[in-house]
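Q: Just one file: target_25.txt, with compact mmCIF, C-alpha atoms.
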```txt
# COMPACT_ATOMS: atom_id res chain seq x y z
CA MET A 1 14.31 5.98 -15.50
CA ALA A 2 14.71 2.37 -15.00
CA LYS A 3 16.68 2.74 -11.83
CA SER A 4 13.98 3.84 -9.41
CA ILE A 5 13.51 0.34 -8.01
CA ARG A 6 15.93 -1.62 -5.90
CA VAL A 7 14.98 -5.20 -5.17
CA ARG A 8 16.54 -7.93 -3.12
CA ALA A 9 14.96 -11.36 -3.29
CA LYS A 10 16.37 -14.28 -1.35
CA VAL A 11 15.27 -17.86 -0.85
CA LYS A 12 15.11 -19.06 2.75
CA GLY A 13 13.88 -22.61 3.01
CA ASP A 14 10.61 -22.80 1.06
CA LYS A 15 10.01 -19.07 1.26
CA THR A 16 11.30 -16.22 -0.81
CA GLU A 17 11.73 -12.93 0.95
CA VAL A 18 11.45 -9.84 -1.22
CA LYS A 19 12.58 -6.40 -0.12
CA THR A 20 11.96 -3.42 -2.35
CA LEU A 21 12.94 0.20 -2.16
CA ILE A 22 11.54 2.68 -4.68
CA SER A 23 12.69 6.25 -5.22
CA HIS A 24 9.60 8.39 -5.41
CA PRO A 25 8.53 11.74 -3.86
CA MET A 26 5.11 10.42 -2.67
CA GLU A 27 3.74 13.96 -2.58
CA THR A 28 0.42 14.14 -0.71
CA GLY A 29 -1.05 17.19 -2.40
CA PHE A 30 -1.57 18.82 1.01
CA ARG A 31 1.88 20.34 1.24
CA LYS A 32 2.65 23.90 0.18
CA ASP A 33 5.78 25.21 -1.43
CA LYS A 34 7.31 27.40 1.27
CA LYS A 35 8.60 30.00 -1.19
CA THR A 36 5.60 30.46 -3.46
CA GLY A 37 2.82 29.38 -1.10
CA LYS A 38 1.34 27.27 -3.86
CA LYS A 39 0.17 23.75 -3.22
CA ILE A 40 2.45 21.04 -4.46
CA PRO A 41 0.35 18.72 -6.61
CA ALA A 42 -0.16 15.19 -5.35
CA HIS A 43 2.28 12.76 -6.89
CA TYR A 44 2.29 9.27 -5.48
CA ILE A 45 2.54 5.63 -6.46
CA GLN A 46 -0.83 3.97 -6.70
CA GLU A 47 0.05 0.45 -7.61
CA VAL A 48 3.04 -1.80 -7.16
CA ARG A 49 2.92 -5.16 -8.83
CA CYS A 50 5.21 -8.09 -8.14
CA GLU A 51 5.27 -11.02 -10.52
CA HIS A 52 7.10 -14.30 -10.12
CA LYS A 53 7.64 -16.01 -13.47
CA GLY A 54 4.83 -13.95 -14.98
CA LYS A 55 2.35 -14.77 -12.21
CA PRO A 56 1.34 -11.99 -9.80
CA VAL A 57 2.30 -12.68 -6.17
CA LEU A 58 1.42 -9.33 -4.65
CA VAL A 59 -0.32 -6.17 -5.74
CA ALA A 60 0.03 -3.21 -3.41
CA ASN A 61 -2.44 -0.36 -3.72
CA TRP A 62 -1.07 2.74 -2.11
CA GLY A 63 -2.46 6.10 -1.11
CA VAL A 64 -0.74 9.32 -0.17
CA SER A 65 -0.02 8.08 3.36
CA VAL A 66 2.82 5.86 2.24
CA SER A 67 6.19 7.46 3.02
CA LYS A 68 8.53 9.07 0.55
CA ASN A 69 10.90 6.61 -1.12
CA PRO A 70 8.63 3.73 -0.17
CA TYR A 71 9.80 0.45 1.25
CA LEU A 72 7.93 -2.78 0.77
CA SER A 73 8.72 -6.27 1.88
CA PHE A 74 6.81 -9.51 1.67
CA LYS A 75 7.30 -13.27 1.45
CA PHE A 76 5.96 -15.92 -0.85
CA LYS A 77 6.22 -19.67 -1.33
CA GLY A 78 7.27 -21.44 -4.49
CA GLY A 79 10.20 -19.29 -5.52
CA ALA A 80 13.52 -20.86 -6.43
CA SER A 81 16.99 -19.49 -6.83
CA GLY A 82 17.46 -18.08 -10.34
CA ASP A 83 13.74 -17.47 -10.98
CA SER A 84 12.82 -14.13 -12.42
CA LEU A 85 10.91 -11.61 -10.36
CA LYS A 86 9.40 -8.53 -11.92
CA ILE A 87 8.48 -5.46 -9.92
CA SER A 88 6.64 -2.54 -11.47
CA TRP A 89 4.87 0.59 -10.29
CA VAL A 90 2.45 3.16 -11.68
CA ASP A 91 1.80 6.56 -10.12
CA ASN A 92 -1.13 8.97 -10.25
CA MET A 93 0.53 10.96 -13.04
CA GLY A 94 0.73 7.91 -15.24
CA LYS A 95 4.46 7.49 -14.83
CA SER A 96 5.75 4.01 -14.34
CA ASP A 97 8.85 1.92 -14.00
CA SER A 98 9.70 -1.73 -13.79
CA THR A 99 12.63 -3.95 -13.12
CA GLU A 100 13.39 -7.62 -13.32
CA VAL A 101 15.72 -9.46 -10.99
CA LYS A 102 16.84 -13.01 -10.38
CA ILE A 103 16.03 -14.55 -7.02
CA LYS A 104 19.16 -15.33 -5.04
CA MET B 1 -2.45 23.75 -16.74
CA GLN B 2 -0.87 20.36 -16.43
CA ARG B 3 -2.78 19.72 -13.27
CA ARG B 4 -6.01 20.70 -14.99
CA ASN B 5 -5.37 18.22 -17.75
CA PHE B 6 -4.53 15.57 -15.27
CA LEU B 7 -7.74 16.15 -13.32
CA LYS B 8 -9.79 15.96 -16.48
CA GLY B 9 -8.03 12.76 -17.39
CA SER B 10 -8.64 11.13 -14.05
CA ILE B 11 -12.31 12.10 -14.06
CA ALA B 12 -12.71 10.55 -17.49
CA THR B 13 -10.99 7.36 -16.34
CA SER B 14 -13.10 7.06 -13.21
CA ALA B 15 -16.25 7.57 -15.29
CA LEU B 16 -15.12 4.68 -17.45
CA LEU B 17 -14.49 2.55 -14.40
CA VAL B 18 -17.94 3.28 -13.02
CA ALA B 19 -19.43 2.37 -16.36
CA ALA B 20 -17.47 -0.86 -16.47
CA SER B 21 -18.44 -1.98 -12.98
CA ALA B 22 -22.06 -0.83 -13.12
CA GLY B 23 -23.35 -3.94 -14.87
CA VAL B 24 -21.55 -6.64 -12.96
CA LEU B 25 -20.46 -6.62 -9.35
CA VAL B 26 -16.76 -7.21 -9.66
CA PRO B 27 -15.37 -9.37 -6.87
CA LYS B 28 -13.02 -7.35 -4.72
CA THR B 29 -10.34 -9.99 -4.73
CA VAL B 30 -9.70 -9.74 -8.46
CA LEU B 31 -6.37 -8.10 -9.07
CA ALA B 32 -7.92 -5.05 -10.60
CA ALA B 33 -7.86 -1.29 -10.77
CA TRP B 34 -6.70 1.00 -7.99
CA PRO B 35 -9.59 1.42 -5.48
CA LYS B 36 -9.94 5.18 -5.88
CA ASP B 37 -13.07 5.40 -3.71
CA ALA B 38 -11.56 3.55 -0.77
CA PHE B 39 -8.56 5.87 -0.69
CA ALA B 40 -10.80 8.97 -0.79
CA GLN B 41 -12.81 8.07 2.34
CA LYS B 42 -12.29 10.12 5.48
CA SER B 43 -13.00 7.39 8.01
CA ILE B 44 -11.73 3.87 8.48
CA ALA B 45 -15.25 2.42 8.40
CA ASP B 46 -16.06 4.06 5.07
CA GLY B 47 -12.73 3.01 3.65
CA MET B 48 -13.42 -0.58 4.66
CA SER B 49 -16.90 -0.50 3.14
CA LYS B 50 -15.49 0.63 -0.18
CA LEU B 51 -12.70 -1.89 -0.05
CA TYR B 52 -14.49 -4.98 1.21
CA GLY B 53 -18.16 -4.14 0.76
CA SER B 54 -18.70 -3.97 4.53
CA SER B 55 -17.13 -2.26 7.51
CA ALA B 56 -17.91 -5.20 9.79
CA ALA B 57 -14.87 -6.89 11.27
CA SER B 58 -14.09 -9.12 14.21
CA ASP B 59 -11.46 -7.78 16.55
CA VAL B 60 -8.59 -10.16 17.07
CA GLY B 61 -5.55 -10.12 19.30
CA GLU B 62 -1.84 -10.11 18.69
CA ASP B 63 -1.86 -13.87 18.29
CA LYS B 64 -3.81 -13.49 15.02
CA ILE B 65 -2.73 -10.14 13.62
CA LYS B 66 0.48 -8.66 14.88
CA ILE B 67 1.25 -5.04 14.08
CA LYS B 68 4.87 -4.19 14.54
CA ALA B 69 5.32 -0.44 14.78
CA PRO B 70 7.08 1.89 17.20
CA ASP B 71 5.16 2.93 20.36
CA ILE B 72 6.52 6.43 19.89
CA ALA B 73 7.60 7.66 16.49
CA GLU B 74 9.79 10.73 16.52
CA ASN B 75 9.20 11.39 12.87
CA GLY B 76 5.65 10.92 11.60
CA ALA B 77 6.88 11.07 8.00
CA VAL B 78 8.41 7.62 8.29
CA VAL B 79 6.65 5.11 10.51
CA PRO B 80 7.70 1.55 9.80
CA VAL B 81 4.80 -0.90 9.98
CA THR B 82 4.90 -4.66 9.68
CA VAL B 83 1.69 -6.66 9.69
CA THR B 84 1.93 -10.37 10.33
CA VAL B 85 -1.18 -12.52 10.17
CA LYS B 86 -1.19 -15.91 11.86
CA GLY B 87 -3.82 -18.60 12.16
CA ILE B 88 -6.18 -17.11 9.59
CA ASP B 89 -6.41 -19.18 6.43
CA LYS B 90 -6.43 -17.86 2.90
CA VAL B 91 -5.82 -14.21 3.59
CA GLU B 92 -6.55 -12.41 0.35
CA ASN B 93 -5.96 -8.85 1.38
CA ILE B 94 -4.21 -6.91 4.11
CA SER B 95 -4.90 -3.20 4.55
CA ILE B 96 -3.25 -0.63 6.76
CA PHE B 97 -5.11 2.42 8.03
CA ALA B 98 -3.73 5.37 10.00
CA GLY B 99 -6.65 6.53 12.13
CA ASN B 100 -6.01 10.26 12.27
CA ASN B 101 -4.91 10.90 8.71
CA ALA B 102 -7.15 12.94 6.38
CA THR B 103 -7.62 9.82 4.29
CA PRO B 104 -6.90 6.92 6.66
CA LEU B 105 -6.33 4.15 4.13
CA ALA B 106 -2.58 4.03 3.61
CA ALA B 107 -2.03 0.78 1.81
CA SER B 108 -3.91 -2.27 0.69
CA PHE B 109 -2.09 -5.41 -0.33
CA GLN B 110 -3.65 -8.07 -2.52
CA LEU B 111 -2.07 -11.41 -1.86
CA SER B 112 -2.00 -14.33 -4.25
CA GLU B 113 -2.10 -17.95 -3.24
CA GLY B 114 1.30 -18.83 -1.90
CA THR B 115 2.04 -15.30 -0.77
CA LEU B 116 2.48 -15.25 2.99
CA PRO B 117 0.30 -12.81 4.96
CA VAL B 118 3.26 -10.73 6.06
CA VAL B 119 3.80 -7.27 4.68
CA ALA B 120 6.02 -4.41 5.71
CA THR B 121 6.10 -0.83 4.57
CA ARG B 122 6.56 2.69 5.89
CA ILE B 123 3.74 5.18 6.27
CA LYS B 124 3.18 8.83 7.14
CA MET B 125 1.13 9.81 10.16
CA GLY B 126 -0.04 13.33 10.88
CA LYS B 127 -0.93 12.82 14.53
CA THR B 128 -0.87 10.25 17.28
CA ALA B 129 -3.31 7.58 16.20
CA ASN B 130 -4.17 3.96 16.07
CA ILE B 131 -2.77 1.99 13.20
CA VAL B 132 -5.50 -0.40 12.17
CA ALA B 133 -4.66 -3.49 10.19
CA ILE B 134 -7.36 -5.48 8.46
CA ALA B 135 -6.91 -8.99 7.16
CA HIS B 136 -9.57 -10.12 4.75
CA ALA B 137 -10.14 -13.85 4.25
CA ASN B 138 -13.09 -15.84 2.94
CA GLY B 139 -15.30 -12.77 2.80
CA LYS B 140 -14.62 -11.86 6.43
CA SER B 141 -12.56 -9.08 7.88
CA TYR B 142 -10.38 -9.31 10.97
CA ARG B 143 -9.15 -6.22 12.73
CA ALA B 144 -6.29 -5.33 15.03
CA LYS B 145 -4.91 -2.01 16.15
CA LYS B 146 -1.91 -0.45 17.75
CA GLU B 147 -1.41 3.08 19.00
CA VAL B 148 1.56 5.04 17.75
CA LYS B 149 2.43 8.34 19.39
CA ILE B 150 3.80 10.94 17.03
CA THR B 151 6.04 13.71 18.24
CA ILE B 152 6.51 15.43 14.86
CA GLY B 153 3.74 15.05 12.27
CA GLY B 154 4.47 13.78 8.80
CA CYS B 155 1.82 15.64 6.83
CA GLY B 156 2.08 19.23 5.70
CA GLY B 157 5.35 21.06 5.55
```
I'd like the structure from this file rewritten - as structure tokens, please.
A:
Amino acid sequence: MAKSIRVRAKVKGDKTEVKTLISHPMETGFRKDKKTGKKIPAHYIQEVRCEHKGKPVLVANWGVSVSKNPYLSFKFKGGASGDSLKISWVDNMGKSDSTEVKIK
Amino acid sequence: MQRRNFLKGSIATSALLVAASAGVLVPKTVLAAWPKDAFAQKSIADGMSKLYGSSAASDVGEDKIKIKAPDIAENGAVVPVTVTVKGIDKVENISIFAGNNATPLAASFQLSEGTLPVVATRIKMGKTANIVAIAHANGKSYRAKKEVKITIGGCGG
């Protein structure tokens, strides 16, 4: 399931702007299944890690209040066009995914 | 059954974490494990204490911490929030709390050197509440808030 992350990273002047969209249900654990009345177990991303050339630039710790199919954007200095950028996530069920892109 | 196993697993892991951090006080800025305690707290102050070691913060205006979010959100399930910090040096962490949520801490971002103190994401809000953004720099916390009115809640189904 390597395709849960979409990343766009672009250099603007001395800054690199990163925009990320992840496909994930981000289930809070408070919701109930309308048909069965049973609680839907919590299932959410806890950590998103962004690394530029192997060095972490941002670690996001998330709780259940982050929306479904989460969006994340941030900026950092020192990136250059063609550099590799790795984004990975881990959720509370131990599932994970990662992707590597080249900065535009 | 799966859920049971998962719960057992997470309890075991947290026990390990407690054991690991019992001896040495781990600095909060280290890019480390997910702050389970902070996310479990039911108030912003408690969440801050777990995250930064103290709930003390100086209130700052829009010139220092700008929270961009809608005044009225029609859909509480998706509230876009952008936090921009200006004029505070060496921001190590930015956290976003939604005041009326069962567990207010929504997201906490650990920034590295060279990462600009600007983050954007989308959060869920159950009720009309203040979004509180905390910027943590040099052991101090700075706080700003913005009210967002919710017409349809984003928690529960």
Q: List every residue of chain B that has an atom at most 10 Å from any atom of chain A, and for each one report the closest atom pair and its distance in Å to one decimal, counting only C-alpha atoms, with rows sorted by chain and then by increasing residue number, as JSON lines.
A:
```
{"residue": "B:Arg3", "atom": "CA", "partner": "A:Pro41", "partner_atom": "CA", "distance": 7.4}
{"residue": "B:Phe6", "atom": "CA", "partner": "A:Met93", "partner_atom": "CA", "distance": 7.2}
{"residue": "B:Leu7", "atom": "CA", "partner": "A:Met93", "partner_atom": "CA", "distance": 9.8}
{"residue": "B:Gly9", "atom": "CA", "partner": "A:Met93", "partner_atom": "CA", "distance": 9.8}
{"residue": "B:Ser10", "atom": "CA", "partner": "A:Asn92", "partner_atom": "CA", "distance": 8.7}
{"residue": "B:Leu31", "atom": "CA", "partner": "A:Val59", "partner_atom": "CA", "distance": 7.2}
{"residue": "B:Ala32", "atom": "CA", "partner": "A:Val59", "partner_atom": "CA", "distance": 9.1}
{"residue": "B:Ala33", "atom": "CA", "partner": "A:Glu47", "partner_atom": "CA", "distance": 8.7}
{"residue": "B:Trp34", "atom": "CA", "partner": "A:Asn61", "partner_atom": "CA", "distance": 6.2}
{"residue": "B:Pro35", "atom": "CA", "partner": "A:Asn61", "partner_atom": "CA", "distance": 7.6}
{"residue": "B:Lys36", "atom": "CA", "partner": "A:Gly63", "partner_atom": "CA", "distance": 8.9}
{"residue": "B:Ala38", "atom": "CA", "partner": "A:Gly63", "partner_atom": "CA", "distance": 9.5}
{"residue": "B:Phe39", "atom": "CA", "partner": "A:Gly63", "partner_atom": "CA", "distance": 6.1}
{"residue": "B:Ala40", "atom": "CA", "partner": "A:Gly63", "partner_atom": "CA", "distance": 8.8}
{"residue": "B:Gly76", "atom": "CA", "partner": "A:Ser67", "partner_atom": "CA", "distance": 9.3}
{"residue": "B:Ala77", "atom": "CA", "partner": "A:Ser67", "partner_atom": "CA", "distance": 6.2}
{"residue": "B:Val78", "atom": "CA", "partner": "A:Ser67", "partner_atom": "CA", "distance": 5.7}
{"residue": "B:Val79", "atom": "CA", "partner": "A:Ser67", "partner_atom": "CA", "distance": 7.9}
{"residue": "B:Pro80", "atom": "CA", "partner": "A:Tyr71", "partner_atom": "CA", "distance": 8.9}
{"residue": "B:Val81", "atom": "CA", "partner": "A:Leu72", "partner_atom": "CA", "distance": 9.9}
{"residue": "B:Thr82", "atom": "CA", "partner": "A:Ser73", "partner_atom": "CA", "distance": 8.8}
{"residue": "B:Val83", "atom": "CA", "partner": "A:Phe74", "partner_atom": "CA", "distance": 9.9}
{"residue": "B:Thr84", "atom": "CA", "partner": "A:Phe74", "partner_atom": "CA", "distance": 10.0}
{"residue": "B:Glu92", "atom": "CA", "partner": "A:Leu58", "partner_atom": "CA", "distance": 9.9}
{"residue": "B:Asn93", "atom": "CA", "partner": "A:Val59", "partner_atom": "CA", "distance": 9.5}
{"residue": "B:Ile94", "atom": "CA", "partner": "A:Ala60", "partner_atom": "CA", "distance": 9.4}
{"residue": "B:Ser95", "atom": "CA", "partner": "A:Asn61", "partner_atom": "CA", "distance": 9.1}
{"residue": "B:Ile96", "atom": "CA", "partner": "A:Trp62", "partner_atom": "CA", "distance": 9.7}
{"residue": "B:Phe97", "atom": "CA", "partner": "A:Ser65", "partner_atom": "CA", "distance": 8.9}
{"residue": "B:Ala98", "atom": "CA", "partner": "A:Ser65", "partner_atom": "CA", "distance": 8.1}
{"residue": "B:Asn101", "atom": "CA", "partner": "A:Ser65", "partner_atom": "CA", "distance": 7.8}
{"residue": "B:Ala102", "atom": "CA", "partner": "A:Ser65", "partner_atom": "CA", "distance": 9.1}
{"residue": "B:Thr103", "atom": "CA", "partner": "A:Ser65", "partner_atom": "CA", "distance": 7.9}
{"residue": "B:Pro104", "atom": "CA", "partner": "A:Ser65", "partner_atom": "CA", "distance": 7.7}
{"residue": "B:Leu105", "atom": "CA", "partner": "A:Gly63", "partner_atom": "CA", "distance": 6.8}
{"residue": "B:Ala106", "atom": "CA", "partner": "A:Ser65", "partner_atom": "CA", "distance": 4.8}
{"residue": "B:Ala107", "atom": "CA", "partner": "A:Trp62", "partner_atom": "CA", "distance": 4.5}
{"residue": "B:Ser108", "atom": "CA", "partner": "A:Asn61", "partner_atom": "CA", "distance": 5.0}
{"residue": "B:Phe109", "atom": "CA", "partner": "A:Ala60", "partner_atom": "CA", "distance": 4.3}
{"residue": "B:Gln110", "atom": "CA", "partner": "A:Val59", "partner_atom": "CA", "distance": 5.0}
{"residue": "B:Leu111", "atom": "CA", "partner": "A:Leu58", "partner_atom": "CA", "distance": 4.9}
{"residue": "B:Ser112", "atom": "CA", "partner": "A:Val57", "partner_atom": "CA", "distance": 5.0}
{"residue": "B:Glu113", "atom": "CA", "partner": "A:Val57", "partner_atom": "CA", "distance": 7.5}
{"residue": "B:Gly114", "atom": "CA", "partner": "A:Lys77", "partner_atom": "CA", "distance": 5.0}
{"residue": "B:Thr115", "atom": "CA", "partner": "A:Phe76", "partner_atom": "CA", "distance": 4.0}
{"residue": "B:Leu116", "atom": "CA", "partner": "A:Phe76", "partner_atom": "CA", "distance": 5.2}
{"residue": "B:Pro117", "atom": "CA", "partner": "A:Lys75", "partner_atom": "CA", "distance": 7.8}
{"residue": "B:Val118", "atom": "CA", "partner": "A:Phe74", "partner_atom": "CA", "distance": 5.8}
{"residue": "B:Val119", "atom": "CA", "partner": "A:Phe74", "partner_atom": "CA", "distance": 4.8}
{"residue": "B:Ala120", "atom": "CA", "partner": "A:Ser73", "partner_atom": "CA", "distance": 5.0}
{"residue": "B:Thr121", "atom": "CA", "partner": "A:Leu72", "partner_atom": "CA", "distance": 4.6}
{"residue": "B:Arg122", "atom": "CA", "partner": "A:Ser67", "partner_atom": "CA", "distance": 5.6}
{"residue": "B:Ile123", "atom": "CA", "partner": "A:Val66", "partner_atom": "CA", "distance": 4.2}
{"residue": "B:Lys124", "atom": "CA", "partner": "A:Ser65", "partner_atom": "CA", "distance": 5.0}
{"residue": "B:Met125", "atom": "CA", "partner": "A:Ser65", "partner_atom": "CA", "distance": 7.1}
{"residue": "B:Gly126", "atom": "CA", "partner": "A:Ser65", "partner_atom": "CA", "distance": 9.2}
{"residue": "B:Gly154", "atom": "CA", "partner": "A:Ser67", "partner_atom": "CA", "distance": 8.7}
{"residue": "B:Cys155", "atom": "CA", "partner": "A:Arg31", "partner_atom": "CA", "distance": 7.3}
{"residue": "B:Gly156", "atom": "CA", "partner": "A:Arg31", "partner_atom": "CA", "distance": 4.6}
{"residue": "B:Gly157", "atom": "CA", "partner": "A:Arg31", "partner_atom": "CA", "distance": 5.6}
```
Q: Using Å and a single decimal, report how far atom CA of B:Lys145 sits from atom CA of B:Asn130.
A: 6.0 Å
Q: To one decimal place, how far is atom CA of A:Lys12 from atom CA of A:Thr99 in Å?
A: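 Going from atom CA of A:Lys12 over to atom CA of A:Thr99 covers 22.1 Å.
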Q: Calculate how many Å separate atom CA of A:Ser88 from atom CA of A:Ile103, rounding to one decimal.
A: 15.9 Å
Q: Excluding A:Lys95 and its own-chain neighbours fewer than 5 positions away, which residues fall within 12 Å of it when counting only C-alpha atoms? Please give them as a list in words.
A: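 Listed by chain and then number, they are Met1, Ala2, Ser4, His24, His43, Tyr44, Ile45, Gln46, Glu47, Ser88, Trp89 and Val90 of chain A.
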